[in-house]
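A.B. asks: Just dropping this structure here.
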Number of protein chains: 2
Amino acid sequence: MPDFLDTTDADFETRFRALLTAKREDSPDVDDTVGAIIAHVREKGDAALVELTKKFDRLELSAGRLALSRAEVDAEIAKVAPEDRAALDRAAERIRAYHARQMPPDAEWTDPEGATLGWRWTPVEAAGLYVPGGLASYPSSVLMNAIPAKVAGVERLAICVPTPDGVINPLVMYAARTAGVDEIYRVGGAQAIAALAYGTETIAPVDKITGPGNAYVAAAKRRVFGRVGIDMIAGPSEILVIADGTSDPDWIALDLMSQAEHDESAQSILVTTDAAFGRQVADAVEARLGTLERRAIAGASWRDFGAVITVRDLDEAAALSDRIAPEHLELCVAEPRPLAARIRHAGAIFLGHWTPEAIGDYVGGPNHVLPTARSARFSSGLSVMDFLKRTTLAELTPEALAAIGPAAERLAAAESLEAHGLSVAARRETLNRSE
Amino acid sequence: MPDFLDTTDADFETRFRALLTAKREDSPDVDDTVGAIIAHVREKGDAALVELTKKFDRLELSAGRLALSRAEVDAEIAKVAPEDRAALDRAAERIRAYHARQMPPDAEWTDPEGATLGWRWTPVEAAGLYVPGGLASYPSSVLMNAIPAKVAGVERLAICVPTPDGVINPLVMYAARTAGVDEIYRVGGAQAIAALAYGTETIAPVDKITGPGNAYVAAAKRRVFGRVGIDMIAGPSEILVIADGTSDPDWIALDLMSQAEHDESAQSILVTTDAAFGRQVADAVEARLGTLERRAIAGASWRDFGAVITVRDLDEAAALSDRIAPEHLELCVAEPRPLAARIRHAGAIFLGHWTPEAIGDYVGGPNHVLPTARSARFSSGLSVMDFLKRTTLAELTPEALAAIGPAAERLAAAESLEAHGLSVAARRETLNRSE
């Protein structure tokens, strides 16, 4: 059974803090191993990729077969059922439409002093997307990473996906094709991240790497950060459901289980104003755990990290939610809008009874790559912004330099940066002479 | 003398690559030391800060004196000359006006299926700004970090600034007051970053840490990344000037020296279509190096990392610039607009003869915290966005769920995530029953 808490209990604060700080994931210290793999790929290039793929994925390749050919991808795509294609097309179309609206505008204006100021957004040239192999190889993640990159205008988008024992996921190939991915490599692990960051004979280096991965992939991304840009290092998934008891307890149970089934380290929390409803949901979870395919995983997550918290009112629910800063927040209440307005820290909010979080995983439109482990306090989900960068622009007229230059000279002097001041003063003197 | 290159030389590509990959900074490996400092602060709190401040800054404090009192700040501010105040006020006002325009809009719309989608931006609650002590304690950096935070709506903004031997920089205090900083602590180094990330009895933890610092500060920021957000780890400063020979060579020399005087690891590069002009600039640099206060630093930077590159035309200049992806790019040409339009990767562009880069350091308005070490390929300068995060929103009507739900169920099945599909299906079944 999960934890049952009530804000009216004397020990609530202690137990809630324990819930907040519970360590849900053992991160094995793979940093030295990863460092050695990266060094090996930098030194030996393709040969290292071939060697490591044989070792870790039990797959014999030559350098020429690191990339999947167009014909190979076609052959995989041919295996995809029409209904799966249609569902993925629908998802891609909705994700594209949502992300197209995120494109930020350039700006330029001239201020009263005569300074023309502004900024301009441009896409990164090349991006690499890591896609895990095996069970966690999700076509939906390919869409969620690749579509924002292509909407942003990334010219070259490469995917690295391990194919242990040579097994390829056809729907992942179809998702890559649909999203406009340009290159696909059957390479995984830290070696894939090293290849994307530093390049090999076959894989040209990229500027930005995104996508989920295991501890080795995460450690490699941390190590190459700075040489290339990376997205957030994702932790186990989380959901917080705030419910007022006006929905079917079984719906809420399924929403909680849809996180719990991801991973034994996932966390599902229900916050409710109705203690009896909380018990009904817990009972519904137990019933569902009797039959769910992934009941071992979902059950362990719910037992170890699940919680049902009874609160006095929705204000208290909003305050607790902000302390948790959940990745996913469902507002299963009769009036979700005023409650949403009170929330400050959440990766994604799902409003009302008809918006289960799973909609957001696939076809809602917003990105499903979201900040975990309380990082919604300071970071956002993946977006087109992750594949764009801003260049600031400034152009002064001689009059503008005359107007604001002296303040720059004064501050340069205060900071003992003489050449800074002189670079302004030399121009101003020319102006003075020409008057 | 700096390197002289010409794109028509046979060995140009080799020498240009060497310039691109020159290692300009020895990063001492301080990671273990920093790890120990962070652990010490987490364990002992204020007592560790007092102990480490005595050790590193030769300053005896008690826990009660870690924060500067309002009266202490007032006393420091009283020492600031009226002309310095006026210059800093001018800078603050212009920086605020520029950054106010960066506030991104929220969005919400309803699509044809009946899904109401959108996003909402909210500020991080608390931010910490690191300000180096001693010579590199720049009031302008306080403005450039603190003003975007306050424009974004950060409620609590704390500064940590070491005061070696108790010496406080009055203009830094004035800049902090002007920018609306709420708390000032006389603590520096990795211990300051640890205190901001984890909190002590006196210093409440923050959600985001920005600001420059030495190798210890940088290593500490890397370590606390994930618990809090951080800005980019800044490398030594760089400038690239593209000049067509239509300006005074002395102006360009001073612009190059205004980067070189920062740091022996700084890099100043001139790219010009006019070889004779390139030599005139190099001569002007030598002349200025005879008298500049910081000639030892500027001279070493210019000698070790400076370069003058002659190109065939401005197209070639733009292409080389994009390979360098400079932090600062000056376009000292007769027609800067068409050239700016060809540039894809640069932190900040300064257009025309009357916009020396030093204007951007102080009073232009755009931020002077910019991506270094070629990271303008994938990242942007500091902005209000660094202190905001986006929450995505989705609200489906029953009709919208009926329309797009089946595609989600199909994809959930393809990914073997049964509860995901059931959470949609259970709601759809209710709809079907009620029809």
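Each chain in the structure tokens gets a letter, A, B, ..., in the order shown, and its residues are numbered from 1; ligands are numbered from 1 in order too.
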Using only C-alpha atoms, which protein or nucleic acid residues come within 12 Å of Ala97 of chain A? Drop anything in the same chain fewer than 3 positions from it, and give the result as a PyMOL selection string.
C.D. replies: (chain A and resi 90-94+100-103+147-148+151+363-367+384) or (chain B and resi 109-112+117-118)
A.B. asks: Next, the residues of the selection above should be written as a PDB file, in the first residue's frame with N, CA and C atoms.
C.D. replies:
ATOM      1  N   ARG A  90      -1.346  10.981 -36.868  1.00  0.00           N
ATOM      2  CA  ARG A  90      -2.214  11.897 -36.125  1.00  0.00           C
ATOM      3  C   ARG A  90      -1.439  12.589 -35.021  1.00  0.00           C
ATOM      4  N   ALA A  91      -0.652  11.801 -34.286  1.00  0.00           N
ATOM      5  CA  ALA A  91       0.161  12.370 -33.205  1.00  0.00           C
ATOM      6  C   ALA A  91       1.150  13.393 -33.773  1.00  0.00           C
ATOM      7  N   ALA A  92       1.832  13.018 -34.846  1.00  0.00           N
ATOM      8  CA  ALA A  92       2.859  13.906 -35.422  1.00  0.00           C
ATOM      9  C   ALA A  92       2.252  15.232 -35.859  1.00  0.00           C
ATOM     10  N   GLU A  93       1.082  15.137 -36.467  1.00  0.00           N
ATOM     11  CA  GLU A  93       0.418  16.341 -36.968  1.00  0.00           C
ATOM     12  C   GLU A  93       0.059  17.279 -35.800  1.00  0.00           C
ATOM     13  N   ARG A  94      -0.447  16.698 -34.713  1.00  0.00           N
ATOM     14  CA  ARG A  94      -0.843  17.530 -33.565  1.00  0.00           C
ATOM     15  C   ARG A  94       0.374  18.097 -32.850  1.00  0.00           C
ATOM     16  N   ALA A 100       4.681  24.517 -33.685  1.00  0.00           N
ATOM     17  CA  ALA A 100       4.825  25.625 -34.638  1.00  0.00           C
ATOM     18  C   ALA A 100       4.471  26.954 -33.974  1.00  0.00           C
ATOM     19  N   ARG A 101       3.537  26.903 -33.007  1.00  0.00           N
ATOM     20  CA  ARG A 101       3.143  28.142 -32.323  1.00  0.00           C
ATOM     21  C   ARG A 101       4.214  28.640 -31.364  1.00  0.00           C
ATOM     22  N   GLN A 102       5.202  27.801 -31.061  1.00  0.00           N
ATOM     23  CA  GLN A 102       6.239  28.221 -30.109  1.00  0.00           C
ATOM     24  C   GLN A 102       7.327  29.067 -30.758  1.00  0.00           C
ATOM     25  N   MET A 103       7.358  29.131 -32.079  1.00  0.00           N
ATOM     26  CA  MET A 103       8.444  29.872 -32.729  1.00  0.00           C
ATOM     27  C   MET A 103       8.431  31.321 -32.235  1.00  0.00           C
ATOM     28  N   ILE A 147      10.385  16.453 -33.804  1.00  0.00           N
ATOM     29  CA  ILE A 147       9.514  17.460 -34.416  1.00  0.00           C
ATOM     30  C   ILE A 147       9.892  18.884 -33.988  1.00  0.00           C
ATOM     31  N   PRO A 148      10.127  19.137 -32.688  1.00  0.00           N
ATOM     32  CA  PRO A 148      10.549  20.506 -32.333  1.00  0.00           C
ATOM     33  C   PRO A 148      11.839  20.921 -33.050  1.00  0.00           C
ATOM     34  N   VAL A 151      10.809  21.752 -36.606  1.00  0.00           N
ATOM     35  CA  VAL A 151      10.037  23.003 -36.627  1.00  0.00           C
ATOM     36  C   VAL A 151      10.974  24.194 -36.441  1.00  0.00           C
ATOM     37  N   VAL A 363      -0.799  12.360 -28.088  1.00  0.00           N
ATOM     38  CA  VAL A 363      -1.508  13.082 -29.146  1.00  0.00           C
ATOM     39  C   VAL A 363      -2.021  14.463 -28.747  1.00  0.00           C
ATOM     40  N   GLY A 364      -1.761  14.894 -27.495  1.00  0.00           N
ATOM     41  CA  GLY A 364      -2.298  16.188 -27.088  1.00  0.00           C
ATOM     42  C   GLY A 364      -1.741  17.307 -27.957  1.00  0.00           C
ATOM     43  N   GLY A 365      -0.423  17.274 -28.124  1.00  0.00           N
ATOM     44  CA  GLY A 365       0.264  18.320 -28.869  1.00  0.00           C
ATOM     45  C   GLY A 365       1.456  18.862 -28.105  1.00  0.00           C
ATOM     46  N   PRO A 366       1.301  19.245 -26.817  1.00  0.00           N
ATOM     47  CA  PRO A 366       2.452  19.670 -26.014  1.00  0.00           C
ATOM     48  C   PRO A 366       3.495  18.557 -25.900  1.00  0.00           C
ATOM     49  N   ASN A 367       4.719  18.937 -25.560  1.00  0.00           N
ATOM     50  CA  ASN A 367       5.800  17.960 -25.493  1.00  0.00           C
ATOM     51  C   ASN A 367       5.678  17.064 -24.267  1.00  0.00           C
ATOM     52  N   VAL A 384      10.652  24.080 -29.139  1.00  0.00           N
ATOM     53  CA  VAL A 384      11.474  24.566 -30.256  1.00  0.00           C
ATOM     54  C   VAL A 384      12.606  25.444 -29.755  1.00  0.00           C
TER      55      VAL A 384
ATOM     56  N   TRP B 109      -5.310  28.388 -27.048  1.00  0.00           N
ATOM     57  CA  TRP B 109      -6.203  28.324 -28.205  1.00  0.00           C
ATOM     58  C   TRP B 109      -6.976  27.003 -28.140  1.00  0.00           C
ATOM     59  N   THR B 110      -8.076  26.949 -28.870  1.00  0.00           N
ATOM     60  CA  THR B 110      -8.864  25.715 -28.943  1.00  0.00           C
ATOM     61  C   THR B 110      -8.826  25.214 -30.379  1.00  0.00           C
ATOM     62  N   ASP B 111      -8.456  23.956 -30.546  1.00  0.00           N
ATOM     63  CA  ASP B 111      -8.334  23.439 -31.911  1.00  0.00           C
ATOM     64  C   ASP B 111      -9.660  22.836 -32.382  1.00  0.00           C
ATOM     65  N   PRO B 112      -9.739  22.476 -33.651  1.00  0.00           N
ATOM     66  CA  PRO B 112     -11.021  22.012 -34.207  1.00  0.00           C
ATOM     67  C   PRO B 112     -11.585  20.784 -33.476  1.00  0.00           C
ATOM     68  N   LEU B 117      -5.458  24.157 -25.777  1.00  0.00           N
ATOM     69  CA  LEU B 117      -4.035  23.938 -25.540  1.00  0.00           C
ATOM     70  C   LEU B 117      -3.348  25.277 -25.305  1.00  0.00           C
ATOM     71  N   GLY B 118      -2.155  25.233 -24.737  1.00  0.00           N
ATOM     72  CA  GLY B 118      -1.412  26.476 -24.562  1.00  0.00           C
ATOM     73  C   GLY B 118      -0.245  26.293 -23.632  1.00  0.00           C
TER      74      GLY B 118
END
A.B. asks: Compile the contact shell of Arg288 of chain A as a ChimeraX atom specification: residues with an atom at most 10 Å away, counting only C-alpha atoms, same-chain residues fewer than 6 positions apart removed.
C.D. replies: /A:250,253-254,257,282,295,299 /B:419
A.B. asks: Quick one: pick out all alpha helix (DSSP H) residues within segment 272-366 of chain B from a backbone DSSP run and write them as a PyMOL selection string.
C.D. replies: chain B and resi 275-289+295-305+314-324+336-342+357-362
A.B. asks: For chain B, which of A:Glu264, A:Asp244, A:Asp84, A:Asp231 is the closest residue, counting only C-alpha atoms?
C.D. replies: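 Ranking A:Glu264, A:Asp244, A:Asp84, A:Asp231 by distance to chain B, first place goes to A:Asp84.
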A.B. asks: Find, counting only C-alpha atoms, the residue in A:Ala307, A:Leu143, A:Leu314, A:Leu411 that gets nearest to chain B.
C.D. replies: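 Answer, going by the shortest atom-to-atom distance: A:Leu411.
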A.B. asks: Determine, counting only C-alpha atoms, which protein, DNA and RNA residues have an atom within 12 Å of an atom of Leu351 of chain A; residues of the same chain fewer than 5 positions away are not included. Present the result as a ChimeraX atom specification.
C.D. replies: /A:241-243,328-341,343,356-357,359-360 /B:115-118,392-397
A.B. asks: For atom CA of Asp255 of chain B and atom CA of Ala18 of chain B, determine how far apart the two atoms are, in Å to one decimal place.
C.D. replies: 23.5 Å
A.B. asks: For a test of reading the model, state the distance in Å between atom CA of Ala402 of chain A and atom CA of Tyr138 of chain B, rounded to one decimal.
C.D. replies: 23.7 Å
A.B. asks: Go ahead and compute the interatomic distance for atom CA of Ser434 of chain A and atom CA of Leu422 of chain A, in Å to one decimal.
C.D. replies: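 Separation between atom CA of Ser434 of chain A and atom CA of Leu422 of chain A: 18.2 Å.
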A.B. asks: Between B:Ala63, B:Val80, B:Cys160, B:Ala179, which is the closest to chain A once you count only C-alpha atoms?
C.D. replies: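 Ranking B:Ala63, B:Val80, B:Cys160, B:Ala179 by distance to chain A, first place goes to B:Val80.
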A.B. asks: Determine, using only C-alpha atoms, which residues of segment 1-96 of chain B have any atom at most 10 Å from an atom of segment 188-196 of chain B, and tabulate each with its shortest atom pair and distance in Å to one decimal place, rows ordered by chain and then rising number, as a tab-separated table.
C.D. replies:
residue	atom	partner	partner_atom	distance
B:Thr33	CA	B:Ala190	CA	9.1
B:Val34	CA	B:Ala190	CA	6.1
B:Gly35	CA	B:Ala190	CA	8.8
B:Ala36	CA	B:Ala190	CA	9.7
B:Ile37	CA	B:Gln191	CA	6.1
B:Ile38	CA	B:Ala194	CA	5.2
B:Ala39	CA	B:Ala194	CA	8.2
B:His40	CA	B:Gln191	CA	8.5
B:Val41	CA	B:Ala194	CA	6.4
B:Arg42	CA	B:Ala194	CA	7.2
B:Gly45	CA	B:Ala195	CA	7.4
B:Asp46	CA	B:Ala195	CA	8.4
B:Ala48	CA	B:Gln191	CA	8.1
B:Leu49	CA	B:Gln191	CA	6.5
B:Val50	CA	B:Gln191	CA	9.9
B:Leu52	CA	B:Gln191	CA	7.4
B:Thr53	CA	B:Gly188	CA	7.5
B:Phe56	CA	B:Gly189	CA	8.6
B:Asp57	CA	B:Gly188	CA	8.3
A.B. asks: Keeping only all heavy atoms, write the selected residues as a short mmCIF file (atom, residue, chain, number, x, y, z; two decimals), in the first residue's frame.
C.D. replies:
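Contents of part_36.cif, freshly written:
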data_model
loop_
_atom_site.label_atom_id
_atom_site.label_comp_id
_atom_site.auth_asym_id
_atom_site.auth_seq_id
_atom_site.Cartn_x
_atom_site.Cartn_y
_atom_site.Cartn_z
N THR B 33 38.21 18.75 -4.50
CA THR B 33 38.20 19.79 -3.48
C THR B 33 36.81 20.40 -3.35
O THR B 33 36.29 20.58 -2.24
CB THR B 33 39.19 20.91 -3.88
OG1 THR B 33 40.43 20.31 -4.21
CG2 THR B 33 39.37 21.91 -2.75
N VAL B 34 36.22 20.69 -4.49
CA VAL B 34 34.89 21.31 -4.50
C VAL B 34 33.85 20.35 -3.91
O VAL B 34 32.97 20.78 -3.15
CB VAL B 34 34.53 21.73 -5.94
CG1 VAL B 34 33.05 22.02 -6.08
CG2 VAL B 34 35.36 22.96 -6.35
N GLY B 35 33.97 19.08 -4.24
CA GLY B 35 33.05 18.09 -3.68
C GLY B 35 33.11 18.09 -2.15
O GLY B 35 32.07 18.03 -1.48
N ALA B 36 34.32 18.19 -1.63
CA ALA B 36 34.49 18.18 -0.17
C ALA B 36 33.90 19.46 0.45
O ALA B 36 33.28 19.41 1.51
CB ALA B 36 35.98 18.05 0.18
N ILE B 37 34.09 20.58 -0.22
CA ILE B 37 33.56 21.85 0.30
C ILE B 37 32.03 21.80 0.33
O ILE B 37 31.40 22.19 1.32
CB ILE B 37 34.05 23.04 -0.56
CG1 ILE B 37 35.55 23.27 -0.33
CG2 ILE B 37 33.26 24.31 -0.24
CD1 ILE B 37 36.18 24.30 -1.26
N ILE B 38 31.44 21.29 -0.76
CA ILE B 38 29.97 21.23 -0.80
C ILE B 38 29.44 20.32 0.31
O ILE B 38 28.49 20.67 1.02
CB ILE B 38 29.49 20.74 -2.19
CG1 ILE B 38 29.82 21.79 -3.26
CG2 ILE B 38 27.99 20.44 -2.18
CD1 ILE B 38 29.53 21.36 -4.69
N ALA B 39 30.08 19.17 0.49
CA ALA B 39 29.65 18.25 1.54
C ALA B 39 29.77 18.91 2.92
O ALA B 39 28.88 18.74 3.78
CB ALA B 39 30.49 16.97 1.48
N HIS B 40 30.83 19.66 3.12
CA HIS B 40 31.06 20.33 4.40
C HIS B 40 29.96 21.36 4.67
O HIS B 40 29.43 21.44 5.79
CB HIS B 40 32.44 20.99 4.36
CG HIS B 40 32.92 21.49 5.68
ND1 HIS B 40 32.86 20.74 6.83
CD2 HIS B 40 33.49 22.66 6.03
CE1 HIS B 40 33.36 21.44 7.84
NE2 HIS B 40 33.74 22.62 7.38
N VAL B 41 29.61 22.14 3.66
CA VAL B 41 28.56 23.16 3.84
C VAL B 41 27.20 22.48 4.09
O VAL B 41 26.41 22.94 4.92
CB VAL B 41 28.49 24.10 2.63
CG1 VAL B 41 27.29 25.03 2.70
CG2 VAL B 41 29.79 24.91 2.51
N ARG B 42 26.94 21.38 3.38
CA ARG B 42 25.67 20.68 3.60
C ARG B 42 25.57 20.15 5.03
O ARG B 42 24.50 20.11 5.63
CB ARG B 42 25.52 19.51 2.61
CG ARG B 42 25.27 19.97 1.19
CD ARG B 42 25.01 18.79 0.27
NE ARG B 42 23.73 18.14 0.56
CZ ARG B 42 23.22 17.16 -0.14
NH1 ARG B 42 23.89 16.69 -1.19
NH2 ARG B 42 22.07 16.62 0.17
N GLY B 45 26.55 23.79 7.55
CA GLY B 45 25.79 25.03 7.35
C GLY B 45 26.64 26.27 7.60
O GLY B 45 27.79 26.35 7.16
N ASP B 46 26.04 27.23 8.32
CA ASP B 46 26.71 28.51 8.57
C ASP B 46 28.12 28.32 9.14
O ASP B 46 29.04 29.07 8.78
CB ASP B 46 25.91 29.33 9.58
CG ASP B 46 24.67 29.99 8.94
OD1 ASP B 46 24.55 29.96 7.70
OD2 ASP B 46 23.86 30.53 9.71
N ALA B 48 30.30 26.11 8.58
CA ALA B 48 31.25 25.84 7.49
C ALA B 48 31.56 27.11 6.72
O ALA B 48 32.71 27.36 6.34
CB ALA B 48 30.68 24.77 6.55
N LEU B 49 30.55 27.93 6.49
CA LEU B 49 30.78 29.19 5.76
C LEU B 49 31.73 30.10 6.54
O LEU B 49 32.64 30.71 5.97
CB LEU B 49 29.45 29.92 5.50
CG LEU B 49 28.43 29.18 4.63
CD1 LEU B 49 27.18 30.05 4.44
CD2 LEU B 49 29.02 28.79 3.27
N VAL B 50 31.52 30.18 7.85
CA VAL B 50 32.39 31.01 8.69
C VAL B 50 33.82 30.49 8.64
O VAL B 50 34.79 31.25 8.44
CB VAL B 50 31.86 31.03 10.14
CG1 VAL B 50 32.89 31.62 11.10
CG2 VAL B 50 30.54 31.81 10.22
N LEU B 52 35.27 28.55 6.31
CA LEU B 52 35.90 28.63 4.99
C LEU B 52 36.19 30.09 4.60
O LEU B 52 37.16 30.37 3.88
CB LEU B 52 35.01 27.96 3.94
CG LEU B 52 34.87 26.43 4.12
CD1 LEU B 52 33.70 25.87 3.30
CD2 LEU B 52 36.18 25.72 3.74
N THR B 53 35.36 31.00 5.07
CA THR B 53 35.61 32.42 4.78
C THR B 53 36.86 32.90 5.52
O THR B 53 37.64 33.70 4.99
CB THR B 53 34.37 33.26 5.18
OG1 THR B 53 33.25 32.78 4.45
CG2 THR B 53 34.59 34.73 4.86
N PHE B 56 39.80 31.17 3.36
CA PHE B 56 40.06 31.63 1.99
C PHE B 56 40.09 33.16 1.86
O PHE B 56 40.81 33.70 1.02
CB PHE B 56 39.03 31.06 1.02
CG PHE B 56 39.12 29.57 0.85
CD1 PHE B 56 38.05 28.75 1.16
CD2 PHE B 56 40.30 28.99 0.37
CE1 PHE B 56 38.14 27.36 1.01
CE2 PHE B 56 40.38 27.60 0.22
CZ PHE B 56 39.31 26.79 0.54
N ASP B 57 39.29 33.85 2.65
CA ASP B 57 39.20 35.31 2.50
C ASP B 57 39.87 36.05 3.66
O ASP B 57 39.80 37.29 3.72
CB ASP B 57 37.73 35.75 2.37
CG ASP B 57 37.06 35.22 1.12
OD1 ASP B 57 37.79 34.89 0.16
OD2 ASP B 57 35.82 35.13 1.09
#
A.B. asks: So, with only C-alpha atoms as the atoms that count, which of A:Val271, A:Val124, A:Met173, A:Leu240 lies closest to Arg85 of chain A?
C.D. replies: A:Met173
A.B. asks: Fewer than 5 positions away in the same chain doesn't count, so skip those; otherwise give me all residues within 12 Å of segment 21-26 of chain A, counting only C-alpha atoms, as an NGL selection string.
C.D. replies: (:A and (14-16 or 214-215 or 234-238 or 263-267 or 300-302 or 304-306 or 323-324 or 372-374)) or (:B and (227))
A.B. asks: With C-alpha atoms retained, could you export that selection as a PDB file, in the first residue's frame?
C.D. replies:
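again_14.pdb, freshly written:
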ATOM      1  CA  THR A  14       7.612  15.438   8.731  1.00  0.00           C
ATOM      2  CA  ARG A  15       6.084  12.770   6.542  1.00  0.00           C
ATOM      3  CA  PHE A  16       5.535  15.132   3.620  1.00  0.00           C
ATOM      4  CA  ASN A 214      20.175   5.023 -19.177  1.00  0.00           C
ATOM      5  CA  ALA A 215      22.831   5.961 -16.596  1.00  0.00           C
ATOM      6  CA  ALA A 234      15.655  13.190 -16.975  1.00  0.00           C
ATOM      7  CA  GLY A 235      14.839  11.347 -13.785  1.00  0.00           C
ATOM      8  CA  PRO A 236      12.023   8.840 -13.184  1.00  0.00           C
ATOM      9  CA  SER A 237       8.558   9.987 -14.208  1.00  0.00           C
ATOM     10  CA  GLU A 238       6.038  11.496 -11.803  1.00  0.00           C
ATOM     11  CA  ASP A 263       9.398   2.308 -13.915  1.00  0.00           C
ATOM     12  CA  GLU A 264       9.706   1.034 -10.358  1.00  0.00           C
ATOM     13  CA  SER A 265      11.190   4.433  -9.485  1.00  0.00           C
ATOM     14  CA  ALA A 266       8.225   6.379 -10.878  1.00  0.00           C
ATOM     15  CA  GLN A 267       6.054   8.254  -8.397  1.00  0.00           C
ATOM     16  CA  ALA A 300       6.426  -1.727  -6.772  1.00  0.00           C
ATOM     17  CA  SER A 301       6.304   1.962  -7.716  1.00  0.00           C
ATOM     18  CA  TRP A 302       2.940   2.438  -5.984  1.00  0.00           C
ATOM     19  CA  ASP A 304       7.389   2.248  -2.506  1.00  0.00           C
ATOM     20  CA  PHE A 305       6.706   5.788  -3.683  1.00  0.00           C
ATOM     21  CA  GLY A 306       2.937   6.219  -4.072  1.00  0.00           C
ATOM     22  CA  ARG A 323       6.294  22.253  -3.155  1.00  0.00           C
ATOM     23  CA  ILE A 324       6.405  19.050  -5.208  1.00  0.00           C
ATOM     24  CA  THR A 372      11.410  15.725 -13.369  1.00  0.00           C
ATOM     25  CA  ALA A 373      12.656  15.558  -9.779  1.00  0.00           C
ATOM     26  CA  ARG A 374      11.260  18.961  -8.724  1.00  0.00           C
TER      27      ARG A 374
ATOM     28  CA  ARG B 227      19.266  20.359  -7.816  1.00  0.00           C
TER      29      ARG B 227
END
A.B. asks: With distances taken over only C-alpha atoms, which residue among A:Pro104, A:Gly245, A:Gly153, A:Pro205 lies nearest chain B?
C.D. replies: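 Comparing A:Pro104, A:Gly245, A:Gly153, A:Pro205 against chain B, the winner is A:Pro104.
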